[in-house]
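What's in run-v2.cif: mmCIF, C-alpha atoms
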```cif
data_input
loop_
_atom_site.label_atom_id
_atom_site.label_comp_id
_atom_site.auth_asym_id
_atom_site.auth_seq_id
_atom_site.Cartn_x
_atom_site.Cartn_y
_atom_site.Cartn_z
CA MET R 1 58.83 4.14 33.39
CA THR R 2 61.94 5.88 34.62
CA PRO R 3 65.26 4.08 34.46
CA THR R 4 65.42 3.81 38.26
CA ARG R 5 61.98 2.22 38.61
CA LYS R 6 62.73 -0.10 35.71
CA ILE R 7 65.85 -1.43 37.51
CA ALA R 8 63.93 -1.92 40.76
CA ALA R 9 61.20 -3.92 39.05
CA THR R 10 63.77 -6.13 37.36
CA LEU R 11 65.50 -6.88 40.67
CA LEU R 12 62.18 -7.74 42.35
CA THR R 13 61.24 -10.15 39.56
CA ALA R 14 64.62 -11.91 39.85
CA ALA R 15 64.29 -12.28 43.61
CA VAL R 16 60.87 -13.90 43.32
CA ALA R 17 62.11 -16.30 40.67
CA LEU R 18 65.07 -17.30 42.81
CA SER R 19 62.85 -17.97 45.81
CA LEU R 20 60.49 -20.17 43.81
CA SER R 21 63.41 -22.15 42.41
CA ALA R 22 64.78 -22.86 45.90
CA CYS R 23 61.43 -24.14 47.12
CA ALA R 24 61.07 -26.45 44.12
CA GLY R 25 64.53 -27.99 44.72
CA SER R 26 64.13 -28.79 48.38
CA GLY R 27 60.76 -30.62 48.22
CA ALA R 28 58.40 -31.19 51.16
CA PRO R 29 60.06 -31.51 54.53
CA ALA R 30 60.52 -35.17 55.70
CA ALA R 31 58.01 -36.44 58.24
CA PRO R 32 59.53 -37.18 61.62
CA ALA R 33 60.47 -40.86 62.10
CA ALA R 34 57.95 -42.87 64.03
CA PRO R 35 59.22 -43.89 67.45
CA ALA R 36 60.64 -47.45 67.52
CA ALA R 37 58.29 -50.04 68.92
CA PRO R 38 59.45 -51.25 72.30
CA ALA R 39 61.21 -54.62 72.18
CA ALA R 40 58.99 -57.48 73.16
CA GLU R 41 59.75 -58.68 76.64
CA THR R 42 60.68 -62.35 77.05
CA ALA R 43 58.26 -64.06 79.36
CA PRO R 44 60.01 -65.62 82.32
CA ALA R 45 60.08 -69.40 82.46
CA SER R 46 57.13 -70.62 84.45
CA ALA R 47 58.09 -71.96 87.84
CA SER R 48 57.06 -75.42 88.95
CA THR R 49 53.57 -75.57 90.36
CA LEU R 50 53.99 -78.96 92.00
CA GLU R 51 53.32 -78.73 95.72
CA GLY R 52 53.21 -81.17 98.60
CA SER R 53 54.69 -84.47 99.67
CA ILE R 54 54.40 -88.01 98.33
CA THR R 55 55.49 -91.35 99.74
CA VAL R 56 57.12 -93.82 97.38
CA PHE R 57 57.36 -97.53 98.21
CA ALA R 58 60.15 -99.07 96.13
CA ALA R 59 61.88 -102.44 95.88
CA ALA R 60 65.09 -102.72 97.89
CA SER R 61 67.16 -103.06 94.73
CA LEU R 62 66.12 -99.53 93.77
CA LYS R 63 67.48 -97.87 96.90
CA SER R 64 70.50 -96.08 95.44
CA THR R 65 68.85 -95.06 92.17
CA PHE R 66 65.58 -93.86 93.67
CA THR R 67 67.41 -91.95 96.39
CA GLU R 68 69.30 -90.11 93.65
CA LEU R 69 66.17 -89.59 91.56
CA ALA R 70 64.17 -88.27 94.51
CA ASP R 71 66.89 -85.70 95.20
CA GLU R 72 66.94 -84.60 91.56
CA PHE R 73 63.14 -84.46 91.41
CA GLU R 74 63.00 -82.25 94.50
CA SER R 75 65.69 -79.97 93.05
CA SER R 76 63.62 -79.55 89.89
CA ASN R 77 60.41 -79.06 91.89
CA PRO R 78 61.21 -77.08 95.06
CA GLY R 79 57.62 -77.26 96.27
CA ALA R 80 57.52 -81.07 96.21
CA THR R 81 58.92 -83.59 98.70
CA VAL R 82 59.50 -87.32 98.18
CA GLU R 83 59.56 -89.72 101.13
CA LEU R 84 61.06 -93.14 100.33
CA ASN R 85 60.41 -96.56 101.84
CA PHE R 86 62.48 -99.53 100.65
CA ALA R 87 61.87 -103.23 101.29
CA GLY R 88 61.26 -106.47 99.45
CA SER R 89 58.45 -106.03 96.94
CA SER R 90 56.25 -108.63 98.64
CA ASP R 91 56.67 -106.91 102.02
CA LEU R 92 55.70 -103.59 100.45
CA VAL R 93 52.58 -105.16 98.93
CA THR R 94 51.60 -106.42 102.38
CA GLN R 95 52.06 -102.94 103.87
CA ILE R 96 49.96 -101.35 101.13
CA THR R 97 47.14 -103.87 101.40
CA GLU R 98 47.09 -103.29 105.16
CA GLY R 99 46.48 -99.60 104.59
CA ALA R 100 49.91 -97.97 104.74
CA PRO R 101 49.74 -94.44 103.29
CA VAL R 102 51.54 -94.47 99.95
CA ASP R 103 51.33 -92.60 96.65
CA VAL R 104 53.63 -94.56 94.31
CA PHE R 105 54.68 -98.21 94.20
CA ALA R 106 57.72 -99.46 92.25
CA SER R 107 58.04 -103.25 92.20
CA ALA R 108 60.97 -105.47 91.22
CA ASP R 109 58.59 -107.73 89.33
CA GLU R 110 55.21 -107.71 87.64
CA LYS R 111 53.78 -110.44 89.87
CA ASN R 112 53.72 -108.28 92.99
CA MET R 113 52.33 -105.32 91.07
CA ALA R 114 49.53 -107.58 89.82
CA LYS R 115 48.54 -108.33 93.42
CA LEU R 116 47.67 -104.67 93.90
CA THR R 117 45.88 -104.27 90.56
CA ASP R 118 43.85 -107.40 91.36
CA ALA R 119 42.94 -105.86 94.72
CA THR R 120 41.89 -102.62 92.93
CA LEU R 121 44.45 -100.67 94.97
CA ILE R 122 46.12 -99.70 91.68
CA GLU R 123 44.25 -99.09 88.43
CA PRO R 124 44.79 -102.00 85.98
CA ASP R 125 46.14 -99.77 83.20
CA ALA R 126 48.32 -97.63 85.49
CA PRO R 127 51.58 -99.64 85.81
CA VAL R 128 54.41 -98.66 83.47
CA ASP R 129 57.53 -100.80 82.97
CA PHE R 130 60.66 -98.74 83.56
CA ALA R 131 63.62 -101.14 83.99
CA THR R 132 64.85 -104.72 83.86
CA ASN R 133 67.37 -106.61 85.98
CA VAL R 134 69.08 -110.01 86.10
CA LEU R 135 70.76 -112.07 88.78
CA GLU R 136 74.48 -112.23 89.49
CA ILE R 137 76.49 -114.17 92.08
CA ALA R 138 78.05 -112.09 94.84
CA VAL R 139 81.03 -113.50 96.74
CA PRO R 140 83.52 -111.94 99.18
CA PRO R 141 86.62 -110.60 97.41
CA SER R 142 88.60 -113.63 98.61
CA ASN R 143 85.95 -116.04 97.25
CA PRO R 144 86.57 -118.60 100.05
CA ALA R 145 84.33 -121.30 98.54
CA GLY R 146 85.86 -121.01 95.07
CA ILE R 147 82.56 -120.22 93.37
CA VAL R 148 82.88 -120.00 89.60
CA THR R 149 79.55 -121.19 88.16
CA PHE R 150 75.89 -121.22 89.11
CA ALA R 151 76.14 -124.96 89.83
CA ASP R 152 78.86 -124.26 92.41
CA LEU R 153 76.22 -122.65 94.64
CA ALA R 154 74.80 -126.12 95.28
CA LYS R 155 78.08 -127.53 96.65
CA PRO R 156 77.53 -128.82 100.22
CA GLU R 157 80.48 -126.86 101.57
CA ALA R 158 79.30 -123.56 100.07
CA LYS R 159 77.29 -121.33 102.41
CA THR R 160 74.86 -119.80 99.93
CA VAL R 161 72.21 -117.20 100.75
CA VAL R 162 69.22 -116.43 98.52
CA CYS R 163 66.03 -114.39 98.63
CA ALA R 164 62.83 -115.98 99.90
CA PRO R 165 60.60 -117.37 97.11
CA GLN R 166 57.94 -114.66 97.48
CA VAL R 167 60.53 -111.93 96.86
CA PRO R 168 61.28 -111.15 93.18
CA CYS R 169 64.95 -112.10 93.47
CA GLY R 170 63.88 -115.36 95.12
CA ALA R 171 61.37 -116.10 92.38
CA ALA R 172 64.10 -115.44 89.82
CA THR R 173 66.43 -117.83 91.66
CA LEU R 174 63.80 -120.57 91.54
CA ALA R 175 63.28 -119.96 87.83
CA VAL R 176 66.99 -120.44 87.13
CA GLU R 177 67.13 -123.56 89.33
CA THR R 178 64.20 -125.05 87.45
CA ALA R 179 65.71 -124.22 84.06
CA THR R 180 69.12 -125.66 84.93
CA GLY R 181 68.19 -128.53 87.23
CA VAL R 182 70.50 -127.14 89.93
CA ASP R 183 69.07 -127.49 93.44
CA ILE R 184 70.54 -124.97 95.90
CA ALA R 185 70.24 -125.69 99.62
CA PRO R 186 70.67 -122.17 101.06
CA VAL R 187 71.78 -121.54 104.61
CA SER R 188 69.18 -118.76 104.78
CA GLU R 189 66.42 -117.13 102.73
CA GLU R 190 66.18 -113.36 103.12
CA SER R 191 63.24 -110.98 102.68
CA SER R 192 65.14 -108.57 100.43
CA VAL R 193 68.07 -108.58 98.07
CA THR R 194 69.92 -106.08 100.24
CA ASP R 195 69.75 -108.54 103.14
CA VAL R 196 71.34 -111.21 100.95
CA LEU R 197 74.12 -108.81 100.01
CA GLY R 198 74.60 -107.94 103.68
CA LYS R 199 75.20 -111.58 104.55
CA VAL R 200 77.94 -111.76 101.93
CA THR R 201 79.67 -108.50 102.83
CA SER R 202 79.65 -109.41 106.53
CA GLY R 203 81.31 -112.76 105.85
CA GLU R 204 78.30 -114.79 107.04
CA ALA R 205 77.91 -116.34 103.59
CA ASP R 206 80.27 -117.61 100.92
CA ALA R 207 77.94 -116.51 98.14
CA GLY R 208 74.61 -114.89 97.51
CA LEU R 209 72.30 -114.43 94.55
CA VAL R 210 71.59 -110.74 94.02
CA TYR R 211 71.04 -108.44 91.06
CA VAL R 212 73.68 -107.08 88.71
CA THR R 213 72.84 -103.62 90.03
CA ASP R 214 73.59 -104.67 93.61
CA ILE R 215 77.05 -105.86 92.60
CA ILE R 216 77.76 -102.50 90.95
CA ALA R 217 76.48 -100.56 93.97
CA ALA R 218 78.56 -102.65 96.40
CA GLY R 219 81.83 -101.66 94.72
CA ASP R 220 84.89 -103.40 96.15
CA ALA R 221 82.94 -104.98 99.01
CA VAL R 222 82.06 -108.00 96.83
CA THR R 223 83.11 -109.68 93.63
CA GLY R 224 80.45 -110.35 91.01
CA ILE R 225 80.30 -113.55 89.02
CA GLN R 226 78.09 -113.48 85.95
CA PHE R 227 76.52 -116.70 84.73
CA PRO R 228 74.75 -117.30 81.40
CA GLU R 229 71.79 -119.05 83.06
CA SER R 230 70.67 -115.69 84.47
CA SER R 231 68.93 -115.00 81.16
CA GLU R 232 66.32 -117.57 82.23
CA ALA R 233 64.92 -115.02 84.71
CA VAL R 234 64.83 -111.40 83.62
CA ASN R 235 62.87 -109.27 86.08
CA THR R 236 60.81 -106.40 84.70
CA TYR R 237 60.19 -103.45 87.04
CA PRO R 238 56.80 -101.64 86.88
CA ILE R 239 55.83 -98.39 88.62
CA ALA R 240 52.35 -96.98 89.26
CA PRO R 241 50.41 -94.45 91.34
CA VAL R 242 48.36 -95.94 94.15
CA ALA R 243 44.64 -95.27 93.72
CA ALA R 244 44.32 -93.81 97.21
CA SER R 245 47.12 -91.27 96.69
CA THR R 246 46.44 -87.95 98.41
CA ASN R 247 48.65 -86.10 95.91
CA PRO R 248 48.08 -87.72 92.50
CA GLU R 249 49.58 -84.80 90.54
CA VAL R 250 52.98 -85.03 92.24
CA ALA R 251 52.78 -88.84 92.19
CA GLN R 252 52.32 -88.88 88.42
CA ALA R 253 55.03 -86.26 87.94
CA PHE R 254 57.51 -88.44 89.84
CA ILE R 255 56.58 -91.47 87.73
CA ASP R 256 57.07 -89.40 84.57
CA PHE R 257 60.47 -88.35 85.92
CA VAL R 258 61.53 -91.97 86.53
CA THR R 259 60.37 -93.11 83.09
CA GLY R 260 61.76 -90.02 81.35
CA ALA R 261 65.25 -89.22 80.09
CA VAL R 262 66.77 -88.33 83.47
CA GLY R 263 65.40 -91.39 85.22
CA GLN R 264 66.41 -93.75 82.44
CA ASP R 265 69.97 -92.39 82.41
CA VAL R 266 70.33 -92.83 86.18
CA LEU R 267 68.98 -96.37 85.99
CA ALA R 268 71.22 -97.29 83.06
CA ASN R 269 74.29 -95.99 84.87
CA ALA R 270 73.38 -98.23 87.80
CA GLY R 271 73.27 -101.31 85.55
CA PHE R 272 69.54 -101.64 84.94
CA GLY R 273 68.38 -102.68 81.49
CA ARG R 274 65.77 -100.91 79.41
CA PRO R 275 62.20 -102.18 79.78
#
```

Take the structure I supplied and represent it as structure tokens, if you would.
Amino acid sequence: MTPTRKIAATLLTAAVALSLSACAGSGAPAAPAAPAAPAAETAPASASTLEGSITVFAAASLKSTFTELADEFESSNPGATVELNFAGSSDLVTQITEGAPVDVFASADEKNMAKLTDATLIEPDAPVDFATNVLEIAVPPSNPAGIVTFADLAKPEAKTVVCAPQVPCGAATLAVETATGVDIAPVSEESSVTDVLGKVTSGEADAGLVYVTDIIAAGDAVTGIQFPESSEAVNTYPIAPVAASTNPEVAQAFIDFVTGAVGQDVLANAGFGRP
């Protein structure tokens, strides 16, 4: 081999060796990164499916609280509407038994609720207790008759107003009278606790027996006088759907709202006790 060819062969061999060395150092090319999985989308909160209107018959002492709760319930369930009817529990029972259209009944005592379960207008196991209440004496801010105790309501010169015996606040009044031996001779017996309160705030009566919650709701219009004998008559409030309800789903949802956290807070702030 000539010197020139020998040099050429040597250079070729070196070039091949260098190429092989470079390939060994770099390794196999990296595989392209897999595309990132799309982020999972958060499912939107399901909107309320409650639709339609219900009518709620509630004891007069529940007027302010149930008005507030109905507004909050409607705000939480834009498709639902709550119509309210307030009166003495016994009057509401009469209306229901005579066929008044109603979906929910809230009574100020268990006795009037039992009238409807006995008449099969409400299922026997449907009522749920949701609040308690006790009596308190309401007098005008000036307290013209000088009422201080429960016994003072029986003074001949005191114009005292009470609920009629068939109304829960009237039945509670009778229970306290029986327990204490105090015999009140009222100047009138009203069909609802709000009517009793109205007689006091208008100046037609020197005193009236209402609920603690009514005193709180009345604000400065009356002065409340607590008396220990009120513990002799604690009223328990039950609520239930009426069997003939045309919208049982919304009716039950409203009951759940009243007996749930929101309803119990509203009732407690109004002065109602826990069931």

Check your understanding: Near Val162 (chain R), counting only C-alpha atoms, which residues have an atom at most 7 Å away, once you skip same-chain residues fewer than 5 positions from it, shown as a PyMOL selection string?
Key -> chain R and resi 170+186+188-190+196+208-209

**Study point:** Surrounding residues of Pro124 (chain R) excluding itself and chain neighbours under 5 positions, 10 Å, all atoms listed in the file, as an MDAnalysis selection string
**Key:** chainID R and resid 113:114 116:119 240

Check your understanding: Out of R:Val167, R:Asp183, R:Ala70, R:Asp109, which residue has the shortest atom-to-atom distance to Pro275 (chain R) when counting all atoms listed in the file?
Key ->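 Using all atoms listed in the file, Pro275 (chain R) sits closest to R:Asp109.
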
Practice item. Tell me which of R:Leu50, R:Pro238, R:Ile215, R:Ser89 sits closest to Ile255 (chain R), counting only C-alpha atoms. Key: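 The closest residue to Ile255 (chain R) is R:Pro238.
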
Point to revise | Output check: residues returned by the PyMOL selection byres ((chain R and resi 138) around 8), as number ranges by chain | key: R: 136-137, 139-140, 197, 200, 207-210, 215, 222-225

Review point. Looking at R:Val187, R:Glu177, R:Lys155, R:Pro141, which one is nearest to Ala218 (chain R), with distances taken over all atoms listed in the file?
Key: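 Checking each of R:Val187, R:Glu177, R:Lys155, R:Pro141 against Ala218 (chain R), counting all atoms listed in the file, the winner is R:Pro141.
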
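For the choices R:Gly99, R:Pro241, R:Pro248, R:Pro228, the atom-to-atom distance to Ala151 (chain R) is smallest for R:Pro228 when using all atoms listed in the file.
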